[in-house]
$ cat protein32.txt   # compact mmCIF, C-alpha atoms
# COMPACT_ATOMS: atom_id res chain seq x y z
CA MET A 207 0.00 0.00 0.00
CA LYS A 208 1.37 3.40 -0.97
CA LYS A 209 2.06 5.90 1.77
CA LYS A 210 -0.04 9.02 1.49
CA GLY A 211 1.42 12.41 2.25
CA LEU A 212 -0.34 15.68 2.93
CA PHE A 213 -0.55 18.40 0.31
CA ILE A 214 -1.05 21.93 1.68
CA THR A 215 -1.01 25.10 -0.40
CA LEU A 216 -0.78 28.72 0.69
CA GLU A 217 -2.62 31.28 -1.40
CA GLY A 218 -3.63 34.89 -1.32
CA PRO A 219 -2.81 38.40 -2.53
CA ASP A 220 0.79 39.60 -2.62
CA GLY A 221 2.04 40.83 0.74
CA GLY A 222 -0.02 38.34 2.76
CA GLY A 223 3.02 36.58 4.19
CA LYS A 224 2.76 33.26 2.39
CA THR A 225 6.49 32.65 2.41
CA THR A 226 6.83 33.58 6.09
CA GLN A 227 4.00 31.29 7.16
CA ALA A 228 5.26 28.47 4.95
CA HIS A 229 8.61 28.47 6.76
CA LYS A 230 6.87 28.53 10.13
CA LEU A 231 4.75 25.56 9.09
CA VAL A 232 7.85 23.61 8.10
CA ASP A 233 9.17 23.97 11.65
CA TRP A 234 5.80 23.06 13.15
CA PHE A 235 5.36 19.87 11.13
CA ARG A 236 8.90 18.79 11.92
CA LEU A 237 8.07 18.99 15.62
CA TYR A 238 5.67 16.13 14.90
CA GLY A 239 8.40 14.18 13.15
CA ARG A 240 6.99 14.75 9.69
CA GLN A 241 9.23 15.08 6.66
CA VAL A 242 8.41 18.30 4.81
CA VAL A 243 9.02 19.53 1.27
CA LEU A 244 8.72 23.30 0.85
CA THR A 245 8.24 24.48 -2.71
CA ARG A 246 6.61 27.24 -4.76
CA GLU A 247 4.83 28.11 -7.99
CA PRO A 248 5.57 28.96 -10.61
CA GLY A 249 8.81 27.12 -9.91
CA GLY A 250 10.00 24.15 -7.92
CA THR A 251 12.07 22.58 -10.72
CA ASP A 252 14.81 23.96 -12.95
CA ALA A 253 12.47 24.18 -15.95
CA ALA A 254 9.63 25.70 -13.93
CA GLU A 255 11.94 28.32 -12.41
CA ARG A 256 12.96 29.39 -15.91
CA ILE A 257 9.28 29.75 -16.81
CA ARG A 258 8.77 31.77 -13.62
CA GLU A 259 11.39 34.28 -14.74
CA LEU A 260 9.57 34.67 -18.04
CA VAL A 261 6.00 35.09 -16.78
CA LEU A 262 6.95 37.53 -14.00
CA ASP A 263 9.25 39.72 -16.09
CA PRO A 264 7.58 43.12 -16.79
CA ALA A 265 9.60 43.35 -20.01
CA TYR A 266 7.47 40.68 -21.69
CA ALA A 267 3.92 41.49 -22.78
CA ILE A 268 2.36 38.06 -23.30
CA SER A 269 -1.25 37.19 -23.93
CA ALA A 270 -3.54 35.68 -21.29
CA GLN A 271 -3.60 32.37 -23.16
CA THR A 272 0.18 32.22 -23.42
CA GLU A 273 0.61 33.15 -19.76
CA THR A 274 -1.88 30.48 -18.70
CA LEU A 275 -0.25 27.74 -20.73
CA LEU A 276 3.19 28.66 -19.39
CA HIS A 277 1.92 28.40 -15.81
CA LEU A 278 0.32 25.04 -16.54
CA ALA A 279 3.48 23.73 -18.21
CA ALA A 280 5.52 24.74 -15.16
CA ARG A 281 2.95 23.06 -12.90
CA ALA A 282 3.02 19.81 -14.88
CA ASP A 283 6.79 19.55 -14.47
CA HIS A 284 6.58 20.52 -10.80
CA VAL A 285 3.92 17.94 -9.96
CA ASP A 286 5.67 15.18 -11.87
CA LYS A 287 9.16 15.75 -10.48
CA VAL A 288 8.58 17.11 -6.98
CA ILE A 289 5.07 16.99 -5.55
CA ARG A 290 3.81 13.51 -6.47
CA PRO A 291 7.07 11.74 -5.53
CA ALA A 292 7.10 13.47 -2.13
CA LEU A 293 3.46 12.60 -1.43
CA ALA A 294 4.09 8.97 -2.44
CA GLU A 295 6.79 8.86 0.24
CA GLY A 296 4.35 10.09 2.88
CA LYS A 297 5.84 13.57 3.17
CA VAL A 298 4.07 16.85 3.83
CA VAL A 299 4.27 19.13 0.79
CA LEU A 300 3.87 22.85 1.45
CA CYS A 301 3.49 24.85 -1.74
CA ASP A 302 3.53 28.65 -1.99
CA ARG A 303 0.78 29.10 -4.64
CA PHE A 304 -0.77 26.40 -6.81
CA SER A 305 -3.84 25.97 -9.00
CA ASP A 306 -6.00 28.54 -7.17
CA SER A 307 -3.57 31.26 -8.26
CA THR A 308 -4.16 30.28 -11.88
CA LEU A 309 -7.92 30.34 -11.40
CA VAL A 310 -7.72 33.85 -9.94
CA TYR A 311 -4.98 35.59 -11.94
CA GLN A 312 -5.47 33.92 -15.32
CA GLY A 313 -9.11 32.88 -14.91
CA ILE A 314 -11.25 35.34 -12.98
CA LEU A 315 -9.16 38.45 -13.68
CA ARG A 316 -8.75 37.65 -17.40
CA HIS A 317 -12.39 36.57 -17.78
CA MET A 318 -11.48 33.09 -18.95
CA ASP A 319 -13.87 30.15 -18.83
CA LEU A 320 -13.22 28.67 -15.37
CA ALA A 321 -14.68 25.27 -16.26
CA ARG A 322 -12.28 24.99 -19.21
CA LEU A 323 -9.38 26.27 -17.11
CA ARG A 324 -10.09 23.69 -14.40
CA LYS A 325 -9.99 20.93 -17.02
CA LEU A 326 -6.66 22.21 -18.35
CA ASN A 327 -5.32 22.36 -14.81
CA ASP A 328 -6.47 18.81 -14.09
CA PHE A 329 -4.65 17.73 -17.26
CA SER A 330 -1.43 19.43 -16.10
CA THR A 331 -1.61 17.90 -12.60
CA GLY A 332 -3.10 14.51 -13.45
CA GLY A 333 -6.04 15.44 -11.23
CA LEU A 334 -3.92 16.31 -8.17
CA ARG A 335 -5.54 18.83 -5.85
CA PRO A 336 -4.52 20.18 -2.44
CA ASP A 337 -5.83 18.51 0.70
CA VAL A 338 -5.99 21.92 2.38
CA THR A 339 -5.44 25.47 1.18
CA ILE A 340 -4.62 28.30 3.57
CA LEU A 341 -5.89 31.58 2.11
CA LEU A 342 -3.98 34.48 3.67
CA ASP A 343 -6.48 37.27 3.18
CA GLY A 344 -6.18 41.00 3.76
CA ASP A 345 -7.13 44.46 2.56
CA PRO A 346 -4.80 45.32 -0.35
CA ARG A 347 -4.31 48.80 1.12
CA VAL A 348 -2.72 47.22 4.19
CA LEU A 349 -0.76 44.65 2.21
CA LEU A 350 0.58 47.34 -0.16
CA GLN A 351 2.87 48.64 2.58
CA ARG A 352 4.31 45.15 3.07
CA ARG A 353 4.99 44.81 -0.66
CA ASN A 354 6.75 48.19 -0.68
CA GLU A 355 8.90 47.21 2.30
CA ARG A 356 9.85 43.95 0.59
CA GLY A 357 11.18 45.85 -2.41
CA VAL A 358 10.60 43.02 -4.90
CA VAL A 359 8.68 44.10 -7.98
CA ASP A 360 7.16 41.97 -10.73
CA LYS A 361 4.53 42.83 -13.30
CA PHE A 362 1.64 41.79 -11.03
CA GLU A 363 2.86 44.02 -8.21
CA LEU A 364 3.02 46.98 -10.61
CA GLN A 365 -0.77 46.89 -10.97
CA GLY A 366 -2.96 49.38 -9.08
CA LEU A 367 -5.24 48.86 -6.12
CA GLU A 368 -8.23 48.09 -8.35
CA PHE A 369 -6.34 45.08 -9.68
CA HIS A 370 -5.43 43.87 -6.20
CA ASP A 371 -9.00 44.38 -4.98
CA ALA A 372 -10.09 42.10 -7.83
CA VAL A 373 -7.46 39.51 -6.84
CA ARG A 374 -8.78 39.46 -3.29
CA ALA A 375 -12.38 39.17 -4.48
CA GLY A 376 -11.38 36.29 -6.75
CA TYR A 377 -9.80 34.35 -3.91
CA LEU A 378 -12.78 34.93 -1.64
CA GLN A 379 -15.05 33.69 -4.43
CA LEU A 380 -13.09 30.42 -4.57
CA ALA A 381 -13.17 30.12 -0.77
CA GLN A 382 -16.95 30.50 -0.81
CA GLU A 383 -17.20 27.75 -3.42
CA GLU A 384 -14.94 25.32 -1.52
CA PRO A 385 -15.16 26.17 2.21
CA ASP A 386 -14.10 22.68 3.32
CA ARG A 387 -10.77 22.91 1.49
CA ILE A 388 -9.96 26.62 1.58
CA LEU A 389 -9.41 28.04 5.07
CA VAL A 390 -9.48 31.84 5.20
CA VAL A 391 -7.09 33.53 7.65
CA ASP A 392 -6.73 37.27 8.32
CA ALA A 393 -3.14 37.95 7.29
CA THR A 394 -3.04 41.61 8.35
CA ARG A 395 -2.25 40.70 11.97
CA ASP A 396 1.08 39.92 13.62
CA PRO A 397 2.70 36.89 11.90
CA GLU A 398 2.80 34.93 15.17
CA VAL A 399 -0.93 35.44 15.69
CA VAL A 400 -1.59 34.37 12.11
CA MET A 401 0.50 31.25 12.66
CA GLU A 402 -1.44 30.33 15.79
CA GLU A 403 -4.71 30.44 13.89
CA ILE A 404 -3.30 28.34 11.05
CA ILE A 405 -2.09 25.72 13.53
CA LYS A 406 -5.52 25.52 15.14
CA LYS A 407 -7.04 24.86 11.73
CA LEU A 408 -4.47 22.19 10.87
CA GLU A 409 -4.16 20.32 14.17
CA GLY A 410 -6.81 17.80 13.23
CA LEU A 411 -4.74 16.73 10.21
CA VAL A 412 -1.60 15.80 12.14

$ encode --input "protein32.txt" --output "C-alpha cells"
Amino acid sequence: MKKKGLFITLEGPDGGGKTTQAHKLVDWFRLYGRQVVLTREPGGTDAAERIRELVLDPAYAISAQTETLLHLAARADHVDKVIRPALAEGKVVLCDRFSDSTLVYQGILRHMDLARLRKLNDFSTGGLRPDVTILLDGDPRVLLQRRNERGVVDKFELQGLEFHDAVRAGYLQLAQEEPDRILVVDATRDPEVVMEEIIKKLEGLV
C-alpha cells in the first residue's frame, strides 16, 4: 500500500506573508516528526523556475492564453518531479501558490472560462488537488505597505489597487465555493498570531 502524504497550499494576494508562514509551518510539522518539502509556484524545478522568470518579467507582454499555458506547463513539471514523488513517500508538501492562483490571476481576472481552465489544470496535474489550502487574506491597502517594504517588484505588483481588490475578491469567491478545502485567515495581523490560527485549523490533520 502506498504511503499518502499531505498536500497543503498557501494562497492569497501579494504581501499576505505566504512565504513567512510556509517556513513557520515547516518547523511546526517537523516537531511532529513529519518530513516536509517546501516548494513554490511557478517554480519548484529547474524548468519551472525558468518559466517563472519569463512570466513575472515586466519586459514581456504576453497574452492571457500564453501566460496560462506557461503556468500550466511549469505546474506539470513541478507535480511530476517534486510533488507527487514526495506525497508517495508520505511527506508533507507545502506549496507557496498552486492551481488557485491560476484560477484567480489567469481565470477570474482575465475573464477566462473557469470550467475549461479547471480541465486544463487537471490535465497538467493529473487530477492532483490540495488537501488543504490556507488563504492568507487581507485588505490590499494594508498589504501594499508590506509589498513596498519587501522591495521586490514583478509585473503583477506593478498593478494598481483596483487590480489587487479584484485579486482578493477572486480568492474569496473560490473560498466560498470550496469552504471545506480553503481556510481563510486574516493575514493583516502579527505573523505569530496568524500562525497560531493556522495551527488551530491544521491540528486535526496531524

$ atom_distance --input "protein32.txt" --atom1 "CA of Gly239 (chain A)" --atom2 "CA of Arg290 (chain A)"
20.2 Å

$ residues_near_point --input "protein32.txt" --point "(3.9, 13.1, 7.9)" --cutoff "8 Å" --atoms "only C-alpha atoms" --output "compact mmCIF listing (two decimals) with C-alpha atoms, in the frame of the given file"
# COMPACT_ATOMS: atom_id res chain seq x y z
CA GLY A 211 1.42 12.41 2.25
CA LEU A 212 -0.34 15.68 2.93
CA PHE A 235 5.36 19.87 11.13
CA TYR A 238 5.67 16.13 14.90
CA GLY A 239 8.40 14.18 13.15
CA ARG A 240 6.99 14.75 9.69
CA GLN A 241 9.23 15.08 6.66
CA VAL A 242 8.41 18.30 4.81
CA GLY A 296 4.35 10.09 2.88
CA LYS A 297 5.84 13.57 3.17
CA VAL A 298 4.07 16.85 3.83
CA VAL A 412 -1.60 15.80 12.14

$ closest_residue --input "protein32.txt" --among "A:Arg236, A:Asp345, A:Thr274, A:Asp302" --to "Arg324 (chain A)" --atoms "only C-alpha atoms"
A:Thr274

$ axis_aligned_box --input "protein32.txt" --around "region 279-292 of chain A" --padding-each-side "5 Å" --output "lines of an AutoDock Vina configuration file"
center_x = 6.1
center_y = 18.2
center_z = -10.2
size_x = 16.2
size_y = 23.0
size_z = 26.1

$ closest_atom_pairs --input "protein32.txt" --of "region 244-302 of chain A" --to "region 221-224 of chain A" --cutoff "12 Å" --atoms "all atoms listed in the file" --output "CSV"
residue,atom,partner,partner_atom,distance
A:Leu244,CA,A:Lys224,CA,11.7
A:Thr245,CA,A:Lys224,CA,11.5
A:Arg246,CA,A:Lys224,CA,10.1
A:Glu247,CA,A:Lys224,CA,11.8
A:Leu300,CA,A:Lys224,CA,10.5
A:Cys301,CA,A:Lys224,CA,9.4
A:Asp302,CA,A:Lys224,CA,6.4

$ closest_residue --input "protein32.txt" --among "A:Leu342, A:Met401, A:Leu408, A:Leu349" --to "Glu217 (chain A)" --atoms "all atoms listed in the file"
A:Leu342

$ atom_distance --input "protein32.txt" --atom1 "CA of Val261 (chain A)" --atom2 "CA of His277 (chain A)"
7.9 Å

$ atom_distance --input "protein32.txt" --atom1 "CA of Leu320 (chain A)" --atom2 "CA of Ala270 (chain A)"
13.3 Å

$ closest_residue --input "protein32.txt" --among "A:Ala372, A:Leu276, A:Leu341, A:Ile404" --to "His317 (chain A)" --atoms "all atoms listed in the file"
A:Ala372

$ closest_residue --input "protein32.txt" --among "A:Arg281, A:Arg258, A:Lys230, A:Lys210" --to "Ile405 (chain A)" --atoms "all atoms listed in the file"
A:Lys230

$ closest_residue --input "protein32.txt" --among "A:Lys406, A:His229, A:Arg387, A:Arg256" --to "Val338 (chain A)" --atoms "only C-alpha atoms"
A:Arg387

$ residues_around --input "protein32.txt" --residues "region 378-385 of chain A" --least-positions-apart "2" --cutoff "9 Å" --atoms "all atoms listed in the file" --output "list in words"
Asp306, Leu309, Val310, Leu341, Asp343, Val373, Arg374, Ala375, Gly376, Arg387, Ile388, Leu389 and Val390 of chain A

$ closest_residue --input "protein32.txt" --among "A:Ser269, A:Leu334, A:Asp319, A:Ile314" --to "Asp286 (chain A)" --atoms "only C-alpha atoms"
A:Leu334

$ residues_around --input "protein32.txt" --residues "Ser305 (chain A)" --least-positions-apart "6" --cutoff "12 Å" --atoms "all atoms listed in the file" --output "PyMOL selection string"
chain A and resi 214-218+246-248+274+277-282+284-285+311-313+320+323-331+333-336+339+377+380

$ build_atoms --input "protein32.txt" --residues "region 214-232 of chain A" --atoms "N, CA and C atoms" --output "mmCIF file, keeping the file's coordinate frame"
data_model
loop_
_atom_site.group_PDB
_atom_site.id
_atom_site.type_symbol
_atom_site.label_atom_id
_atom_site.label_comp_id
_atom_site.auth_asym_id
_atom_site.auth_seq_id
_atom_site.Cartn_x
_atom_site.Cartn_y
_atom_site.Cartn_z
ATOM 1 N N ILE A 214 -0.498 20.665 1.184
ATOM 2 C CA ILE A 214 -1.050 21.930 1.680
ATOM 3 C C ILE A 214 -0.527 23.065 0.817
ATOM 4 N N THR A 215 -1.419 23.925 0.374
ATOM 5 C CA THR A 215 -1.010 25.100 -0.400
ATOM 6 C C THR A 215 -1.332 26.366 0.364
ATOM 7 N N LEU A 216 -0.540 27.393 0.118
ATOM 8 C CA LEU A 216 -0.780 28.720 0.690
ATOM 9 C C LEU A 216 -1.062 29.674 -0.445
ATOM 10 N N GLU A 217 -2.169 30.385 -0.330
ATOM 11 C CA GLU A 217 -2.620 31.280 -1.400
ATOM 12 C C GLU A 217 -2.969 32.644 -0.826
ATOM 13 N N GLY A 218 -3.174 33.580 -1.731
ATOM 14 C CA GLY A 218 -3.630 34.890 -1.320
ATOM 15 C C GLY A 218 -2.942 36.011 -2.075
ATOM 16 N N PRO A 219 -3.414 37.240 -1.862
ATOM 17 C CA PRO A 219 -2.810 38.400 -2.530
ATOM 18 C C PRO A 219 -1.360 38.582 -2.122
ATOM 19 N N ASP A 220 -0.595 39.285 -2.957
ATOM 20 C CA ASP A 220 0.790 39.600 -2.620
ATOM 21 C C ASP A 220 0.853 40.405 -1.331
ATOM 22 N N GLY A 221 1.868 40.107 -0.517
ATOM 23 C CA GLY A 221 2.040 40.830 0.740
ATOM 24 C C GLY A 221 1.358 40.161 1.914
ATOM 25 N N GLY A 222 0.700 39.022 1.690
ATOM 26 C CA GLY A 222 -0.020 38.340 2.760
ATOM 27 C C GLY A 222 0.851 37.491 3.669
ATOM 28 N N GLY A 223 2.116 37.338 3.327
ATOM 29 C CA GLY A 223 3.020 36.580 4.190
ATOM 30 C C GLY A 223 3.046 35.096 3.939
ATOM 31 N N LYS A 224 2.773 34.693 2.707
ATOM 32 C CA LYS A 224 2.760 33.260 2.390
ATOM 33 C C LYS A 224 4.099 32.597 2.669
ATOM 34 N N THR A 225 5.166 33.238 2.233
ATOM 35 C CA THR A 225 6.490 32.650 2.410
ATOM 36 C C THR A 225 6.855 32.549 3.882
ATOM 37 N N THR A 226 6.556 33.591 4.651
ATOM 38 C CA THR A 226 6.830 33.580 6.090
ATOM 39 C C THR A 226 6.092 32.460 6.784
ATOM 40 N N GLN A 227 4.802 32.323 6.501
ATOM 41 C CA GLN A 227 4.000 31.290 7.160
ATOM 42 C C GLN A 227 4.405 29.891 6.692
ATOM 43 N N ALA A 228 4.823 29.769 5.448
ATOM 44 C CA ALA A 228 5.260 28.470 4.950
ATOM 45 C C ALA A 228 6.469 27.976 5.739
ATOM 46 N N HIS A 229 7.432 28.864 6.002
ATOM 47 C CA HIS A 229 8.610 28.470 6.760
ATOM 48 C C HIS A 229 8.253 28.124 8.210
ATOM 49 N N LYS A 230 7.316 28.848 8.776
ATOM 50 C CA LYS A 230 6.870 28.530 10.130
ATOM 51 C C LYS A 230 6.193 27.168 10.178
ATOM 52 N N LEU A 231 5.432 26.859 9.146
ATOM 53 C CA LEU A 231 4.750 25.560 9.090
ATOM 54 C C LEU A 231 5.737 24.411 8.939
ATOM 55 N N VAL A 232 6.813 24.637 8.214
ATOM 56 C CA VAL A 232 7.850 23.610 8.100
ATOM 57 C C VAL A 232 8.352 23.226 9.482
#
